[in-house]
>>> print(open('input-v6.cif').read())   # mmCIF, N, CA and C atoms
data_my_file
#
loop_
_atom_site.label_atom_id
_atom_site.label_comp_id
_atom_site.auth_asym_id
_atom_site.auth_seq_id
_atom_site.Cartn_x
_atom_site.Cartn_y
_atom_site.Cartn_z
N MET A 6 155.90 138.64 145.02
CA MET A 6 154.58 138.12 144.85
C MET A 6 153.75 138.38 146.11
N THR A 7 152.48 138.60 145.92
CA THR A 7 151.56 138.84 147.03
C THR A 7 151.09 137.52 147.61
N ASP A 8 151.13 137.39 148.94
CA ASP A 8 150.66 136.17 149.61
C ASP A 8 149.13 136.13 149.71
N VAL A 9 148.54 137.29 150.01
CA VAL A 9 147.10 137.36 150.26
C VAL A 9 146.51 138.55 149.52
N PHE A 10 145.44 138.29 148.78
CA PHE A 10 144.64 139.37 148.21
C PHE A 10 143.35 139.41 149.02
N ILE A 11 143.00 140.59 149.54
CA ILE A 11 141.77 140.74 150.31
C ILE A 11 140.73 141.41 149.43
N ALA A 12 139.62 140.73 149.24
CA ALA A 12 138.49 141.27 148.48
C ALA A 12 137.44 141.77 149.45
N SER A 13 136.99 142.99 149.26
CA SER A 13 136.04 143.58 150.20
C SER A 13 135.28 144.71 149.52
N ALA A 14 134.31 145.23 150.21
CA ALA A 14 133.59 146.42 149.76
C ALA A 14 134.33 147.66 150.25
N PRO A 15 134.26 148.75 149.49
CA PRO A 15 134.94 149.98 149.93
C PRO A 15 134.49 150.46 151.31
N GLU A 16 133.27 150.16 151.68
CA GLU A 16 132.77 150.57 152.99
C GLU A 16 133.54 149.91 154.13
N ASP A 17 134.26 148.86 153.85
CA ASP A 17 135.00 148.12 154.87
C ASP A 17 136.49 148.44 154.87
N ASN A 18 136.90 149.48 154.15
CA ASN A 18 138.32 149.78 154.01
C ASN A 18 139.05 149.93 155.35
N ASP A 19 138.42 150.58 156.32
CA ASP A 19 139.10 150.79 157.61
C ASP A 19 139.44 149.46 158.28
N ARG A 20 138.48 148.56 158.33
CA ARG A 20 138.71 147.26 158.97
C ARG A 20 139.68 146.41 158.16
N VAL A 21 139.56 146.46 156.84
CA VAL A 21 140.45 145.68 155.98
C VAL A 21 141.88 146.21 156.07
N TYR A 22 142.03 147.53 156.16
CA TYR A 22 143.37 148.09 156.33
C TYR A 22 144.00 147.59 157.63
N LEU A 23 143.23 147.60 158.74
CA LEU A 23 143.76 147.09 160.02
C LEU A 23 144.16 145.63 159.90
N LEU A 24 143.33 144.85 159.23
CA LEU A 24 143.65 143.43 159.04
C LEU A 24 144.91 143.27 158.20
N SER A 25 145.03 144.06 157.15
CA SER A 25 146.23 143.95 156.30
C SER A 25 147.48 144.29 157.10
N GLN A 26 147.39 145.29 157.98
CA GLN A 26 148.54 145.64 158.82
C GLN A 26 148.87 144.51 159.79
N ALA A 27 147.85 143.88 160.34
CA ALA A 27 148.09 142.76 161.27
C ALA A 27 148.77 141.61 160.54
N LEU A 28 148.30 141.27 159.36
CA LEU A 28 148.92 140.19 158.58
C LEU A 28 150.34 140.55 158.20
N ARG A 29 150.57 141.79 157.78
CA ARG A 29 151.92 142.22 157.42
C ARG A 29 152.88 142.13 158.60
N SER A 30 152.37 142.39 159.80
CA SER A 30 153.23 142.33 160.99
C SER A 30 153.74 140.91 161.23
N HIS A 31 153.12 139.93 160.59
CA HIS A 31 153.53 138.53 160.70
C HIS A 31 154.23 138.04 159.42
N GLY A 32 154.66 138.97 158.57
CA GLY A 32 155.44 138.62 157.39
C GLY A 32 154.62 138.21 156.18
N ILE A 33 153.32 138.44 156.20
CA ILE A 33 152.46 138.10 155.07
C ILE A 33 152.35 139.33 154.16
N THR A 34 152.62 139.17 152.88
CA THR A 34 152.44 140.29 151.95
C THR A 34 150.97 140.33 151.53
N VAL A 35 150.41 141.54 151.52
CA VAL A 35 148.98 141.71 151.33
C VAL A 35 148.71 142.77 150.28
N ALA A 36 147.68 142.53 149.48
CA ALA A 36 147.17 143.53 148.55
C ALA A 36 145.66 143.60 148.72
N PHE A 37 145.12 144.80 148.66
CA PHE A 37 143.67 144.96 148.60
C PHE A 37 143.36 146.25 147.87
N ASP A 38 142.24 146.25 147.20
CA ASP A 38 141.81 147.39 146.40
C ASP A 38 140.92 148.26 147.28
N ASP A 39 141.40 149.46 147.59
CA ASP A 39 140.61 150.35 148.46
C ASP A 39 139.56 151.13 147.69
N GLY A 40 139.48 150.90 146.39
CA GLY A 40 138.46 151.55 145.58
C GLY A 40 138.83 152.95 145.12
N GLY A 41 139.94 153.45 145.58
CA GLY A 41 140.38 154.79 145.19
C GLY A 41 141.09 154.76 143.84
N PRO A 42 141.40 155.95 143.32
CA PRO A 42 142.12 156.00 142.05
C PRO A 42 143.51 155.36 142.20
N ALA A 43 143.88 154.60 141.20
CA ALA A 43 145.18 153.92 141.24
C ALA A 43 145.98 154.29 139.99
N ASP A 44 147.25 154.53 140.19
CA ASP A 44 148.11 154.77 139.04
C ASP A 44 148.26 153.47 138.27
N PRO A 45 148.72 153.51 137.01
CA PRO A 45 148.79 152.28 136.21
C PRO A 45 149.60 151.15 136.84
N THR A 46 150.67 151.47 137.53
CA THR A 46 151.49 150.43 138.16
C THR A 46 150.72 149.74 139.28
N THR A 47 150.06 150.53 140.11
CA THR A 47 149.27 149.96 141.20
C THR A 47 148.10 149.14 140.66
N ALA A 48 147.43 149.66 139.65
CA ALA A 48 146.30 148.93 139.06
C ALA A 48 146.76 147.59 138.49
N LYS A 49 147.93 147.57 137.86
CA LYS A 49 148.46 146.32 137.31
C LYS A 49 148.80 145.34 138.43
N HIS A 50 149.40 145.85 139.50
CA HIS A 50 149.75 145.00 140.65
C HIS A 50 148.49 144.40 141.27
N LEU A 51 147.45 145.21 141.46
CA LEU A 51 146.20 144.70 142.04
C LEU A 51 145.55 143.65 141.16
N ALA A 52 145.53 143.90 139.86
CA ALA A 52 144.93 142.93 138.93
C ALA A 52 145.68 141.61 138.98
N GLN A 53 146.99 141.68 139.05
CA GLN A 53 147.80 140.46 139.11
C GLN A 53 147.58 139.75 140.45
N ALA A 54 147.59 140.49 141.55
CA ALA A 54 147.39 139.88 142.87
C ALA A 54 146.01 139.24 142.97
N ARG A 55 145.01 139.87 142.38
CA ARG A 55 143.65 139.35 142.44
C ARG A 55 143.56 137.95 141.83
N THR A 56 144.38 137.67 140.84
CA THR A 56 144.29 136.38 140.14
C THR A 56 145.41 135.40 140.46
N THR A 57 146.49 135.87 141.10
CA THR A 57 147.62 134.97 141.32
C THR A 57 147.99 134.75 142.79
N ALA A 58 147.43 135.52 143.70
CA ALA A 58 147.78 135.33 145.11
C ALA A 58 147.36 133.93 145.55
N PRO A 59 148.21 133.24 146.28
CA PRO A 59 147.87 131.88 146.71
C PRO A 59 146.77 131.83 147.77
N CYS A 60 146.40 132.99 148.32
CA CYS A 60 145.31 133.05 149.28
C CYS A 60 144.43 134.25 148.91
N TRP A 61 143.18 133.98 148.61
CA TRP A 61 142.20 135.02 148.25
C TRP A 61 141.24 135.13 149.42
N LEU A 62 141.37 136.20 150.20
CA LEU A 62 140.62 136.38 151.43
C LEU A 62 139.38 137.23 151.15
N ALA A 63 138.22 136.63 151.26
CA ALA A 63 136.96 137.33 151.05
C ALA A 63 136.48 137.88 152.39
N ALA A 64 136.34 139.20 152.48
CA ALA A 64 135.88 139.85 153.70
C ALA A 64 134.40 140.18 153.54
N TRP A 65 133.56 139.39 154.18
CA TRP A 65 132.11 139.54 154.00
C TRP A 65 131.51 140.44 155.07
N SER A 66 130.73 141.38 154.60
CA SER A 66 129.96 142.31 155.44
C SER A 66 128.64 142.53 154.71
N ARG A 67 127.76 143.29 155.31
CA ARG A 67 126.50 143.58 154.61
C ARG A 67 126.76 144.21 153.24
N PRO A 68 127.64 145.22 153.15
CA PRO A 68 127.89 145.82 151.82
C PRO A 68 128.56 144.86 150.83
N SER A 69 129.50 144.04 151.30
CA SER A 69 130.20 143.16 150.35
C SER A 69 129.32 142.03 149.86
N VAL A 70 128.45 141.50 150.73
CA VAL A 70 127.54 140.43 150.32
C VAL A 70 126.60 140.92 149.22
N ALA A 71 126.29 142.21 149.24
CA ALA A 71 125.39 142.79 148.25
C ALA A 71 126.06 142.98 146.89
N ARG A 72 127.36 142.80 146.81
CA ARG A 72 128.09 143.00 145.55
C ARG A 72 128.26 141.68 144.81
N GLU A 73 127.50 141.54 143.74
CA GLU A 73 127.52 140.29 142.97
C GLU A 73 128.91 139.98 142.43
N THR A 74 129.65 141.02 142.06
CA THR A 74 131.00 140.82 141.53
C THR A 74 131.89 140.10 142.54
N LEU A 75 131.80 140.49 143.82
CA LEU A 75 132.61 139.83 144.84
C LEU A 75 132.21 138.37 145.02
N THR A 76 130.92 138.10 144.93
CA THR A 76 130.46 136.71 145.03
C THR A 76 131.02 135.89 143.88
N LEU A 77 130.96 136.43 142.67
CA LEU A 77 131.49 135.70 141.51
C LEU A 77 132.99 135.48 141.63
N GLN A 78 133.70 136.49 142.10
CA GLN A 78 135.15 136.35 142.31
C GLN A 78 135.43 135.32 143.41
N GLY A 79 134.60 135.31 144.44
CA GLY A 79 134.75 134.32 145.51
C GLY A 79 134.54 132.91 144.99
N LEU A 80 133.55 132.73 144.13
CA LEU A 80 133.32 131.41 143.53
C LEU A 80 134.50 130.98 142.68
N ASP A 81 135.10 131.93 141.96
CA ASP A 81 136.29 131.61 141.17
C ASP A 81 137.45 131.22 142.08
N ALA A 82 137.63 131.95 143.18
CA ALA A 82 138.70 131.62 144.14
C ALA A 82 138.46 130.24 144.74
N LEU A 83 137.22 129.91 145.01
CA LEU A 83 136.89 128.57 145.53
C LEU A 83 137.26 127.50 144.50
N ARG A 84 136.91 127.75 143.26
CA ARG A 84 137.23 126.80 142.18
C ARG A 84 138.75 126.60 142.07
N ARG A 85 139.52 127.67 142.28
CA ARG A 85 140.98 127.60 142.19
C ARG A 85 141.62 127.05 143.46
N GLY A 86 140.82 126.86 144.51
CA GLY A 86 141.35 126.32 145.76
C GLY A 86 142.12 127.32 146.60
N VAL A 87 141.82 128.62 146.47
CA VAL A 87 142.57 129.64 147.19
C VAL A 87 141.68 130.48 148.13
N LEU A 88 140.43 130.12 148.28
CA LEU A 88 139.48 130.93 149.04
C LEU A 88 139.60 130.70 150.55
N VAL A 89 139.70 131.81 151.28
CA VAL A 89 139.56 131.85 152.73
C VAL A 89 138.55 132.96 152.99
N GLN A 90 137.58 132.70 153.87
CA GLN A 90 136.53 133.68 154.12
C GLN A 90 136.57 134.18 155.55
N ILE A 91 136.28 135.48 155.68
CA ILE A 91 136.10 136.07 157.00
C ILE A 91 134.76 136.81 157.00
N VAL A 92 134.16 136.89 158.17
CA VAL A 92 132.93 137.64 158.35
C VAL A 92 133.25 138.83 159.25
N LEU A 93 132.91 140.02 158.79
CA LEU A 93 133.24 141.24 159.53
C LEU A 93 132.13 141.69 160.47
N ASP A 94 130.87 141.38 160.15
CA ASP A 94 129.73 141.85 160.93
C ASP A 94 129.25 140.79 161.91
N PRO A 95 128.86 141.20 163.12
CA PRO A 95 128.28 140.23 164.06
C PRO A 95 127.05 139.56 163.43
N GLY A 96 127.02 138.24 163.50
CA GLY A 96 125.90 137.51 162.93
C GLY A 96 125.89 137.47 161.42
N GLY A 97 126.94 137.96 160.81
CA GLY A 97 127.00 138.00 159.34
C GLY A 97 127.35 136.65 158.76
N ALA A 98 127.29 136.59 157.44
CA ALA A 98 127.60 135.35 156.73
C ALA A 98 128.03 135.68 155.32
N ALA A 99 128.66 134.72 154.69
CA ALA A 99 129.02 134.84 153.28
C ALA A 99 127.73 134.82 152.46
N PRO A 100 127.79 135.20 151.19
CA PRO A 100 126.59 135.12 150.35
C PRO A 100 126.16 133.67 150.17
N PRO A 101 124.89 133.43 149.88
CA PRO A 101 124.36 132.06 149.81
C PRO A 101 125.21 131.05 149.02
N PRO A 102 125.74 131.41 147.84
CA PRO A 102 126.50 130.38 147.11
C PRO A 102 127.79 129.92 147.80
N LEU A 103 128.24 130.68 148.81
CA LEU A 103 129.50 130.36 149.48
C LEU A 103 129.33 130.01 150.97
N ARG A 104 128.11 129.91 151.43
CA ARG A 104 127.87 129.66 152.86
C ARG A 104 128.31 128.28 153.31
N HIS A 105 128.50 127.36 152.38
CA HIS A 105 128.95 126.02 152.77
C HIS A 105 130.44 125.98 153.09
N VAL A 106 131.15 127.07 152.77
CA VAL A 106 132.59 127.16 153.03
C VAL A 106 132.77 127.83 154.40
N PRO A 107 133.53 127.21 155.31
CA PRO A 107 133.73 127.81 156.64
C PRO A 107 134.32 129.22 156.53
N ALA A 108 133.97 130.06 157.49
CA ALA A 108 134.48 131.43 157.53
C ALA A 108 134.97 131.75 158.94
N PHE A 109 136.04 132.51 159.01
CA PHE A 109 136.54 133.01 160.28
C PHE A 109 135.67 134.20 160.70
N ASP A 110 135.28 134.25 161.96
CA ASP A 110 134.47 135.35 162.46
C ASP A 110 135.39 136.44 163.01
N LEU A 111 135.52 137.52 162.27
CA LEU A 111 136.40 138.61 162.67
C LEU A 111 135.61 139.71 163.40
N SER A 112 134.30 139.54 163.55
CA SER A 112 133.48 140.61 164.13
C SER A 112 133.91 141.03 165.54
N PRO A 113 134.34 140.13 166.41
CA PRO A 113 134.74 140.59 167.75
C PRO A 113 136.19 141.06 167.84
N TRP A 114 136.94 141.02 166.76
CA TRP A 114 138.36 141.36 166.79
C TRP A 114 138.57 142.80 167.24
N ASP A 115 139.50 143.00 168.15
CA ASP A 115 139.77 144.33 168.71
C ASP A 115 140.93 145.06 168.02
N GLY A 116 141.48 144.47 166.97
CA GLY A 116 142.58 145.10 166.26
C GLY A 116 143.96 144.66 166.73
N SER A 117 144.02 143.82 167.74
CA SER A 117 145.29 143.34 168.27
C SER A 117 146.04 142.54 167.21
N LEU A 118 147.33 142.82 167.08
CA LEU A 118 148.15 142.15 166.07
C LEU A 118 148.34 140.66 166.36
N ASP A 119 148.29 140.28 167.63
CA ASP A 119 148.51 138.89 168.01
C ASP A 119 147.25 138.20 168.51
N ALA A 120 146.10 138.72 168.14
CA ALA A 120 144.84 138.08 168.53
C ALA A 120 144.78 136.68 167.93
N PRO A 121 144.15 135.74 168.61
CA PRO A 121 144.06 134.38 168.09
C PRO A 121 143.48 134.30 166.67
N ILE A 122 142.52 135.16 166.34
CA ILE A 122 141.93 135.12 165.00
C ILE A 122 142.95 135.55 163.95
N VAL A 123 143.80 136.51 164.28
CA VAL A 123 144.85 136.94 163.34
C VAL A 123 145.85 135.81 163.15
N LEU A 124 146.24 135.17 164.25
CA LEU A 124 147.20 134.07 164.15
C LEU A 124 146.62 132.91 163.34
N ALA A 125 145.32 132.67 163.46
CA ALA A 125 144.68 131.62 162.65
C ALA A 125 144.69 131.99 161.18
N LEU A 126 144.47 133.25 160.86
CA LEU A 126 144.53 133.69 159.46
C LEU A 126 145.95 133.63 158.91
N VAL A 127 146.92 133.97 159.73
CA VAL A 127 148.33 133.84 159.32
C VAL A 127 148.65 132.38 159.02
N GLU A 128 148.19 131.48 159.88
CA GLU A 128 148.42 130.06 159.65
C GLU A 128 147.76 129.59 158.36
N ALA A 129 146.54 130.04 158.12
CA ALA A 129 145.84 129.66 156.88
C ALA A 129 146.59 130.18 155.66
N ALA A 130 147.05 131.42 155.72
CA ALA A 130 147.80 132.00 154.59
C ALA A 130 149.11 131.26 154.39
N ASP A 131 149.82 130.96 155.48
CA ASP A 131 151.09 130.22 155.38
C ASP A 131 150.86 128.85 154.75
N HIS A 132 149.78 128.21 155.13
CA HIS A 132 149.46 126.89 154.60
C HIS A 132 149.22 126.92 153.09
N MET A 133 148.75 128.05 152.57
CA MET A 133 148.42 128.15 151.16
C MET A 133 149.58 128.64 150.30
N ARG A 134 150.66 129.13 150.95
CA ARG A 134 151.80 129.63 150.17
C ARG A 134 152.60 128.51 149.59
#
>>> encode(input="input-v6.cif", output="structure tokens")
Amino acid sequence: MTDVFIASAPEDNDRVYLLSQALRSHGITVAFDDGGPADPTTAKHLAQARTTAPCWLAAWSRPSVARETLTLQGLDALRRGVLVQIVLDPGGAAPPPLRHVPAFDLSPWDGSLDAPIVLALVEAADHMR
């Protein structure tokens, strides 16, 4: 089973990939849709992870905030009690319907596997498993 599903815009794939590697280095299983073509097995795994992962991590950036689908999925994750939010851009924020939910600021992250922000996200994911 996937511990964390990361929802993001394809424009953020590089940063989301680095984050997924950092979380994996701490024993967290991660799935995210990079927007590329997926074979049927991968597509099925992503669809399942999107709805069953105990932690749904919304990665907000200018491109992702503009995607209504991600906002609606984020609201569903909030309703299910599995939403954790991160902000990728300096001064960025979640979309208006989700701004009342605290978000981790990942904008200054340097990619370090043991950065305090990564450890905080690992703790949040562990708490939700």
>>> atom_distance(input="input-v6.cif", atom1="atom N of A:Asp115", atom2="atom CA of A:Gln90")
17.1 Å
>>> closest_residue(input="input-v6.cif", among="A:Ala48, A:Val87, A:Thr74, A:Leu118", to="A:Asp8", atoms="only C-alpha atoms")
A:Val87
>>> residues_around(input="input-v6.cif", residues="A:Thr56", least_positions_apart="5", cutoff="8 Å", atoms="only N, CA and C atoms", output="PyMOL selection string")
chain A and resi 10+50-51
>>> closest_residue(input="input-v6.cif", among="A:Leu103, A:Leu24, A:Ala43, A:Ala63", to="A:Leu88", atoms="all atoms listed in the file")
A:Ala63
>>> atom_distance(input="input-v6.cif", atom1="atom C of A:Pro100", atom2="atom C of A:Ser112")
18.7 Å
>>> residues_around(input="input-v6.cif", residues="A:Val127", least_positions_apart="5", cutoff="8 Å", atoms="all atoms listed in the file", output="list in words")
Ala27, Leu28, His31, Ile33, Pro121, Ile122, His132 and Met133 of chain A
>>> atom_distance(input="input-v6.cif", atom1="atom CA of A:Gly32", atom2="atom CA of A:Pro45")
26.1 Å
>>> residues_near_point(input="input-v6.cif", point="(123.7, 139.9, 145.4)", cutoff="6 Å", atoms="only N, CA and C atoms", output="ChimeraX atom specification")
/A:70-73
>>> closest_residue(input="input-v6.cif", among="A:Ala58, A:Leu83, A:Ala14, A:Ala64", to="A:Asp39", atoms="all atoms listed in the file")
A:Ala14
>>> resolve_selection(input="input-v6.cif", expression="the PyMOL selection byres (((chain A and resi 102 and name CA) around 12) and name CA)", output="PyMOL selection string")
chain A and resi 70+73+75-81+83+98-101+103-106
>>> axis_aligned_box(input="input-v6.cif", around="stretch 36-45 of chain A", padding_each_side="6 Å", output="lines of an AutoDock Vina configuration file")
center_x = 144.0
center_y = 149.3
center_z = 142.8
size_x = 23.1
size_y = 25.5
size_z = 25.3
>>> select_by_dssp(input="input-v6.cif", residues="chain A", states="alpha helix (DSSP H)", output="number ranges by chain")
A: 18-29, 45-57, 67-70, 73-85, 121-133
>>> residues_around(input="input-v6.cif", residues="A:Ala129", least_positions_apart="6", cutoff="10 Å", atoms="only C-alpha atoms", output="PDB file with N, CA and C atoms, in the frame of the given file")
ATOM      1  N   CYS A  60     146.400 132.990 148.320  1.00  0.00           N
ATOM      2  CA  CYS A  60     145.310 133.050 149.280  1.00  0.00           C
ATOM      3  C   CYS A  60     144.430 134.250 148.910  1.00  0.00           C
ATOM      4  N   VAL A  89     139.700 131.810 151.280  1.00  0.00           N
ATOM      5  CA  VAL A  89     139.560 131.850 152.730  1.00  0.00           C
ATOM      6  C   VAL A  89     138.550 132.960 152.990  1.00  0.00           C
ATOM      7  N   VAL A 123     143.800 136.510 164.280  1.00  0.00           N
ATOM      8  CA  VAL A 123     144.850 136.940 163.340  1.00  0.00           C
ATOM      9  C   VAL A 123     145.850 135.810 163.150  1.00  0.00           C
TER      10      VAL A 123
END
>>> resolve_selection(input="input-v6.cif", expression="the PyMOL selection byres ((chain A and resi 11) around 5)", output="MDAnalysis selection string")
chainID A and resid 9:10 12:13 36:37 62
